[in-house]
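Shown here: target-v1.txt, compact mmCIF, C-alpha atoms.
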```txt
# COMPACT_ATOMS: atom_id res chain seq x y z
CA MET A 1 154.49 155.44 67.28
CA ALA A 2 157.06 153.85 69.53
CA ASP A 3 158.34 157.21 70.79
CA GLY A 4 154.90 158.02 72.16
CA LYS A 5 154.14 160.99 69.89
CA PHE A 6 151.17 159.41 68.18
CA GLY A 7 148.11 160.16 70.27
CA GLN A 8 150.27 161.51 73.08
CA GLY A 9 148.17 162.55 76.04
CA CYS A 10 145.01 161.09 74.53
CA GLY A 11 142.64 159.15 76.70
CA GLY A 12 140.16 156.72 75.17
CA GLU A 13 137.47 159.29 74.42
CA SER A 14 139.81 161.96 73.13
CA LEU A 15 141.06 159.53 70.45
CA LEU A 16 137.83 160.36 68.64
CA TYR A 17 139.17 163.87 68.11
CA LEU A 18 142.67 163.29 66.76
CA THR A 19 144.32 166.27 65.10
CA ASP A 20 145.41 166.20 61.46
CA GLU A 21 149.01 166.08 62.71
CA GLN A 22 148.30 163.02 64.86
CA LEU A 23 146.53 161.34 61.92
CA SER A 24 149.51 162.16 59.66
CA GLN A 25 151.81 160.56 62.23
CA GLY A 26 149.61 157.45 62.20
CA ILE A 27 149.72 157.31 58.39
CA GLU A 28 153.50 157.62 58.47
CA ALA A 29 153.73 154.91 61.11
CA MET A 30 151.74 152.59 58.84
CA TYR A 31 154.04 153.33 55.87
CA PHE A 32 157.17 152.68 57.91
CA ALA A 33 155.71 149.57 59.56
CA TYR A 34 154.76 148.19 56.14
CA ARG A 35 158.26 148.88 54.84
CA GLY A 36 159.73 146.91 57.75
CA PHE A 37 157.10 144.19 57.41
CA THR A 38 157.90 143.63 53.72
CA ALA A 39 161.69 144.15 53.77
CA GLU A 40 162.84 140.55 54.27
CA PRO A 41 160.23 138.99 51.94
CA ASP A 42 161.14 141.61 49.31
CA ARG A 43 164.81 140.54 49.48
CA ILE A 44 163.82 136.89 49.04
CA LEU A 45 161.44 137.70 46.18
CA GLU A 46 164.02 139.86 44.41
CA ARG A 47 166.50 136.95 44.31
CA LEU A 48 163.78 134.88 42.60
CA ASP A 49 162.77 137.70 40.23
CA TYR A 50 159.30 137.85 41.83
CA GLY A 51 157.40 140.78 43.27
CA ARG A 52 154.82 141.45 45.96
CA ALA A 53 152.00 140.31 43.68
CA HIS A 54 153.58 136.85 43.61
CA HIS A 55 153.87 136.91 47.39
CA ARG A 56 150.22 137.89 47.86
CA ALA A 57 149.06 135.15 45.48
CA ILE A 58 151.18 132.52 47.26
CA HIS A 59 149.98 133.74 50.66
CA PHE A 60 146.27 133.54 49.85
CA ILE A 61 146.54 130.25 47.97
CA ASN A 62 148.25 128.86 51.06
CA ARG A 63 145.55 130.28 53.36
CA SER A 64 142.79 128.80 51.24
CA PRO A 65 144.03 125.75 49.30
CA GLY A 66 141.80 124.97 46.34
CA THR A 67 140.61 128.54 46.02
CA THR A 68 139.35 129.42 42.58
CA VAL A 69 140.96 131.92 40.26
CA ASN A 70 137.81 134.07 40.53
CA ASN A 71 137.96 134.02 44.33
CA LEU A 72 141.63 134.98 44.28
CA LEU A 73 140.79 137.84 41.89
CA ALA A 74 138.21 139.13 44.37
CA ILE A 75 140.57 138.84 47.35
CA LEU A 76 143.52 140.51 45.65
CA GLY A 77 141.50 143.17 43.83
CA VAL A 78 143.66 142.98 40.72
CA THR A 79 142.81 142.62 37.05
CA LYS A 80 142.42 139.20 35.52
CA GLN A 81 145.31 139.97 33.17
CA SER A 82 147.59 140.88 36.08
CA LEU A 83 146.70 137.77 38.08
CA ASN A 84 147.08 135.51 35.04
CA ARG A 85 150.59 136.89 34.45
CA VAL A 86 151.52 136.12 38.08
CA LEU A 87 149.90 132.68 38.05
CA ARG A 88 151.53 131.71 34.75
CA THR A 89 154.94 132.41 36.29
CA LEU A 90 154.18 130.56 39.53
CA ILE A 91 152.80 127.56 37.63
CA LYS A 92 155.72 127.52 35.15
CA ASP A 93 158.18 127.64 38.05
CA GLY A 94 156.45 124.73 39.80
CA LEU A 95 155.15 126.65 42.84
CA VAL A 96 151.42 126.52 42.06
CA GLU A 97 149.28 123.95 40.36
CA ARG A 98 145.91 124.58 38.79
CA ARG A 99 143.34 121.78 38.93
CA ILE A 100 140.06 121.51 37.07
CA GLY A 101 137.00 121.63 39.34
CA MET A 102 135.29 118.36 40.18
CA SER A 103 131.72 119.69 40.08
CA ASP A 104 132.28 122.52 37.61
CA LYS A 105 134.85 121.79 34.91
CA ARG A 106 135.09 125.52 34.09
CA GLU A 107 136.54 126.31 37.52
CA ARG A 108 140.27 126.28 38.13
CA HIS A 109 141.35 125.52 41.69
CA LEU A 110 144.75 126.63 42.89
CA PHE A 111 147.11 124.75 45.19
CA LEU A 112 150.68 125.29 46.29
CA THR A 113 153.13 122.55 45.41
CA ASP A 114 155.63 121.36 48.01
CA ILE A 115 158.13 123.91 46.67
CA GLY A 116 155.45 126.61 46.81
CA GLU A 117 154.66 125.72 50.43
CA GLN A 118 158.36 125.96 51.29
CA LEU A 119 158.65 129.39 49.70
CA GLU A 120 155.47 130.60 51.41
CA ALA A 121 156.81 129.48 54.79
CA HIS A 122 160.15 131.17 54.13
CA LEU A 123 158.43 134.42 53.14
CA SER A 124 155.94 134.39 55.99
CA ASN A 125 158.24 133.31 58.82
CA SER A 126 160.02 136.65 58.97
CA GLN A 127 156.68 138.45 58.95
CA ARG A 128 155.23 136.22 61.65
CA ASN A 129 158.35 136.72 63.76
CA ARG A 130 158.13 140.50 63.36
CA MET A 131 154.42 140.53 64.28
CA ARG A 132 154.92 138.13 67.18
CA ALA A 133 157.67 140.35 68.65
CA ALA A 134 155.60 143.52 68.18
CA TYR A 135 152.49 141.90 69.68
CA ARG A 136 154.51 140.63 72.63
CA ASP A 137 155.96 144.14 73.19
CA VAL A 138 152.61 145.96 73.22
CA GLY A 139 150.39 143.41 74.97
CA PRO A 140 146.97 141.89 74.32
CA GLU A 141 144.88 145.06 74.64
CA ALA A 142 146.96 146.89 72.05
CA VAL A 143 146.87 143.85 69.75
CA ALA A 144 143.07 143.74 69.95
CA GLY A 145 142.86 147.48 69.35
CA PHE A 146 145.23 147.28 66.39
CA ARG A 147 143.13 144.53 64.83
CA GLN A 148 139.97 146.59 65.34
CA VAL A 149 141.55 149.62 63.68
CA LEU A 150 142.69 147.57 60.69
CA GLU A 151 139.27 145.97 60.29
CA ALA A 152 137.53 149.34 60.61
CA MET A 153 139.66 150.67 57.72
CA MET A 154 138.72 147.76 55.42
CA ASP A 155 135.94 147.97 52.88
CA ASP A 156 132.91 145.96 54.02
CA ASN A 157 133.35 143.25 51.36
CA LEU A 158 137.03 142.82 52.29
CA ARG A 159 136.16 142.57 55.98
CA LYS A 160 133.79 139.72 55.09
CA SER A 161 136.50 138.01 53.02
CA VAL A 162 138.96 138.26 55.92
CA ALA A 163 136.38 136.81 58.29
CA GLN A 164 135.81 133.91 55.89
CA LEU A 165 139.54 133.23 55.59
CA ASN A 166 139.91 133.30 59.37
CA ASP A 167 136.92 130.98 59.81
CA LYS A 168 138.43 128.45 57.38
CA SER A 169 141.77 128.43 59.17
CA ALA A 170 140.38 128.28 62.71
```

I need this file expressed as structure tokens, please.
Amino acid sequence: MADGKFGQGCGGESLLYLTDEQLSQGIEAMYFAYRGFTAEPDRILERLDYGRAHHRAIHFINRSPGTTVNNLLAILGVTKQSLNRVLRTLIKDGLVERRIGMSDKRERHLFLTDIGEQLEAHLSNSQRNRMRAAYRDVGPEAVAGFRQVLEAMMDDNLRKSVAQLNDKSA
């Protein structure tokens, strides 16, 4: 935490033996960081009568244009019914288009429209700015450590999905 309480007095090796209180402080820091991270996008989404599920769908379609519905289901970890409800709204509102696969006509590939790309940029800019400022404040070693902690908390299959997304965008 910014006030130095989390892991206070802990050297590298002693971080392996964090107390329950220190772990609780870390959990709380994640909750509060997430609240700050999602605050501005939530305000934008609320005005449009969308929720975080819409944001996540738009984000991952943007990160992987042409992704299939099945791939998006795997990434988001939601039910098919839930995703279809979100996609129907985004398609109806002109933010996402669904195209039939070239090699497999059963596949549906998802793309953001120009309006969808504009909304995605609007939603993500505040988050990128917040992360950029935080990363700048803590420095490269902390950024690398933060990334390692996040990846270590992911399920193995999600870690692989993240690596694939990052490989595509690199």

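Considering all atoms listed in the file, the residue among A:Lys160, A:Val69, A:Gly139, A:Tyr17 positioned nearest to A:Ser82 is A:Val69.
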
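Across A:Ala144, A:Tyr31, A:Val149, A:Ser64, the tightest approach to A:Gln164 is made by A:Ser64 when counting all atoms listed in the file.
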
*Can you work out which one of A:Val143, A:Ala53, A:Ile61, A:Leu90 has the shortest atom-to-atom distance to A:His109, counting all atoms listed in the file?*
A:Ile61

*Neighbours of stretch 117-119 of chain A within 8 Å (all atoms listed in the file; same-chain residues fewer than 4 positions away dropped), as a PyMOL selection string?*
chain A and resi 62+95+112-113+123

Selection export as a CSV table (one decimal), keeping the file's coordinate frame, atoms kept: C-alpha atoms:
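Heads up, here's the output in result-v1.csv:
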```
chain,number,residue,atom,x,y,z
A,62,ASN,CA,148.2,128.9,51.1
A,95,LEU,CA,155.2,126.6,42.8
A,112,LEU,CA,150.7,125.3,46.3
A,113,THR,CA,153.1,122.6,45.4
A,123,LEU,CA,158.4,134.4,53.1
```

*Tell me which of A:Leu48, A:Ser124, A:Arg106, A:Arg132 sits closest to A:Asp93, counting all atoms listed in the file.*
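Ranked by minimum distance to A:Asp93, first place goes to A:Leu48.
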
*Between A:Ala134, A:Phe146, A:Val162, A:Leu87, single out the one closest to A:Gly26, counting all atoms listed in the file.*
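For A:Gly26, the nearest of the candidates is A:Phe146.
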
*asked:* Using Å and a single decimal, report how far atom CA of A:Gly66 sits from atom CA of A:Arg98.
replied: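 Straight-line distance from atom CA of A:Arg98 to atom CA of A:Gly66 works out to 8.6 Å.
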
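Computed from the coordinates, the atom CA of A:Leu23 to atom CA of A:Ala152 distance equals 15.1 Å.
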
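Atom pair atom CA of A:Arg108 / atom CA of A:Thr68: separated by 5.5 Å.
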
*Using all atoms listed in the file, which of the listed residues (A:Leu150, A:Met30, A:Ala57, A:Ile44) sits closest to A:Ile91?*
A:Ala57

Reconstruct all heavy atoms of stretch 56-67 of chain A from the incomplete input and present them as a compact mmCIF listing (two decimals), in the coordinates of the input.
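Ended up saving to selection-v4.txt:
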```
# COMPACT_ATOMS: atom_id res chain seq x y z
N ARG A 56 151.63 137.86 47.45
CA ARG A 56 150.22 137.89 47.86
C ARG A 56 149.48 136.67 47.32
O ARG A 56 148.68 136.05 48.04
CB ARG A 56 149.56 139.19 47.41
CG ARG A 56 149.99 140.38 48.23
CD ARG A 56 149.18 141.62 47.93
NE ARG A 56 149.31 142.07 46.55
CZ ARG A 56 150.22 142.96 46.14
NH1 ARG A 56 151.07 143.49 47.01
NH2 ARG A 56 150.27 143.32 44.89
N ALA A 57 149.73 136.32 46.06
CA ALA A 57 149.06 135.15 45.48
C ALA A 57 149.43 133.89 46.26
O ALA A 57 148.57 133.09 46.65
CB ALA A 57 149.43 135.01 44.01
N ILE A 58 150.72 133.70 46.51
CA ILE A 58 151.18 132.52 47.26
C ILE A 58 150.56 132.51 48.65
O ILE A 58 150.10 131.46 49.13
CB ILE A 58 152.73 132.52 47.33
CG1 ILE A 58 153.32 132.21 45.96
CG2 ILE A 58 153.23 131.53 48.37
CD1 ILE A 58 154.82 132.45 45.87
N HIS A 59 150.53 133.66 49.31
CA HIS A 59 149.98 133.74 50.66
C HIS A 59 148.52 133.29 50.68
O HIS A 59 148.13 132.44 51.50
CB HIS A 59 150.09 135.16 51.21
CG HIS A 59 149.39 135.33 52.52
ND1 HIS A 59 149.96 135.00 53.73
CD2 HIS A 59 148.13 135.77 52.80
CE1 HIS A 59 149.09 135.22 54.70
NE2 HIS A 59 147.97 135.70 54.16
N PHE A 60 147.70 133.84 49.79
CA PHE A 60 146.27 133.54 49.85
C PHE A 60 145.94 132.16 49.30
O PHE A 60 144.96 131.55 49.74
CB PHE A 60 145.46 134.65 49.18
CG PHE A 60 145.38 135.88 50.03
CD1 PHE A 60 146.10 137.02 49.72
CD2 PHE A 60 144.62 135.88 51.19
CE1 PHE A 60 146.05 138.14 50.53
CE2 PHE A 60 144.55 137.00 52.01
CZ PHE A 60 145.27 138.13 51.68
N ILE A 61 146.74 131.64 48.39
CA ILE A 61 146.54 130.25 47.97
C ILE A 61 146.86 129.32 49.13
O ILE A 61 146.15 128.35 49.39
CB ILE A 61 147.39 129.91 46.72
CG1 ILE A 61 146.89 130.71 45.51
CG2 ILE A 61 147.35 128.41 46.43
CD1 ILE A 61 147.83 130.68 44.31
N ASN A 62 147.90 129.65 49.88
CA ASN A 62 148.25 128.86 51.06
C ASN A 62 147.15 128.93 52.12
O ASN A 62 146.83 127.92 52.76
CB ASN A 62 149.57 129.35 51.65
CG ASN A 62 149.98 128.55 52.87
OD1 ASN A 62 150.29 127.37 52.76
ND2 ASN A 62 149.99 129.19 54.02
N ARG A 63 146.59 130.10 52.33
CA ARG A 63 145.55 130.28 53.36
C ARG A 63 144.26 129.57 52.97
O ARG A 63 143.47 129.22 53.85
CB ARG A 63 145.27 131.76 53.57
CG ARG A 63 146.39 132.53 54.21
CD ARG A 63 146.52 132.27 55.68
NE ARG A 63 145.41 132.89 56.38
CZ ARG A 63 144.97 132.54 57.57
NH1 ARG A 63 145.56 131.56 58.21
NH2 ARG A 63 143.97 133.15 58.13
N SER A 64 144.04 129.41 51.69
CA SER A 64 142.79 128.80 51.24
C SER A 64 143.07 127.84 50.07
O SER A 64 142.75 128.14 48.92
CB SER A 64 141.82 129.91 50.81
OG SER A 64 140.54 129.39 50.57
N PRO A 65 143.69 126.69 50.37
CA PRO A 65 144.03 125.75 49.30
C PRO A 65 142.79 125.34 48.51
O PRO A 65 141.73 125.09 49.08
CB PRO A 65 144.61 124.54 50.04
CG PRO A 65 144.99 125.05 51.39
CD PRO A 65 144.05 126.18 51.69
N GLY A 66 142.93 125.33 47.20
CA GLY A 66 141.80 124.97 46.34
C GLY A 66 140.95 126.17 45.96
O GLY A 66 139.93 126.02 45.29
N THR A 67 141.36 127.35 46.39
CA THR A 67 140.61 128.54 46.02
C THR A 67 140.53 128.64 44.50
O THR A 67 141.42 128.15 43.80
CB THR A 67 141.23 129.82 46.63
OG1 THR A 67 140.34 130.90 46.45
CG2 THR A 67 142.57 130.16 46.00
```
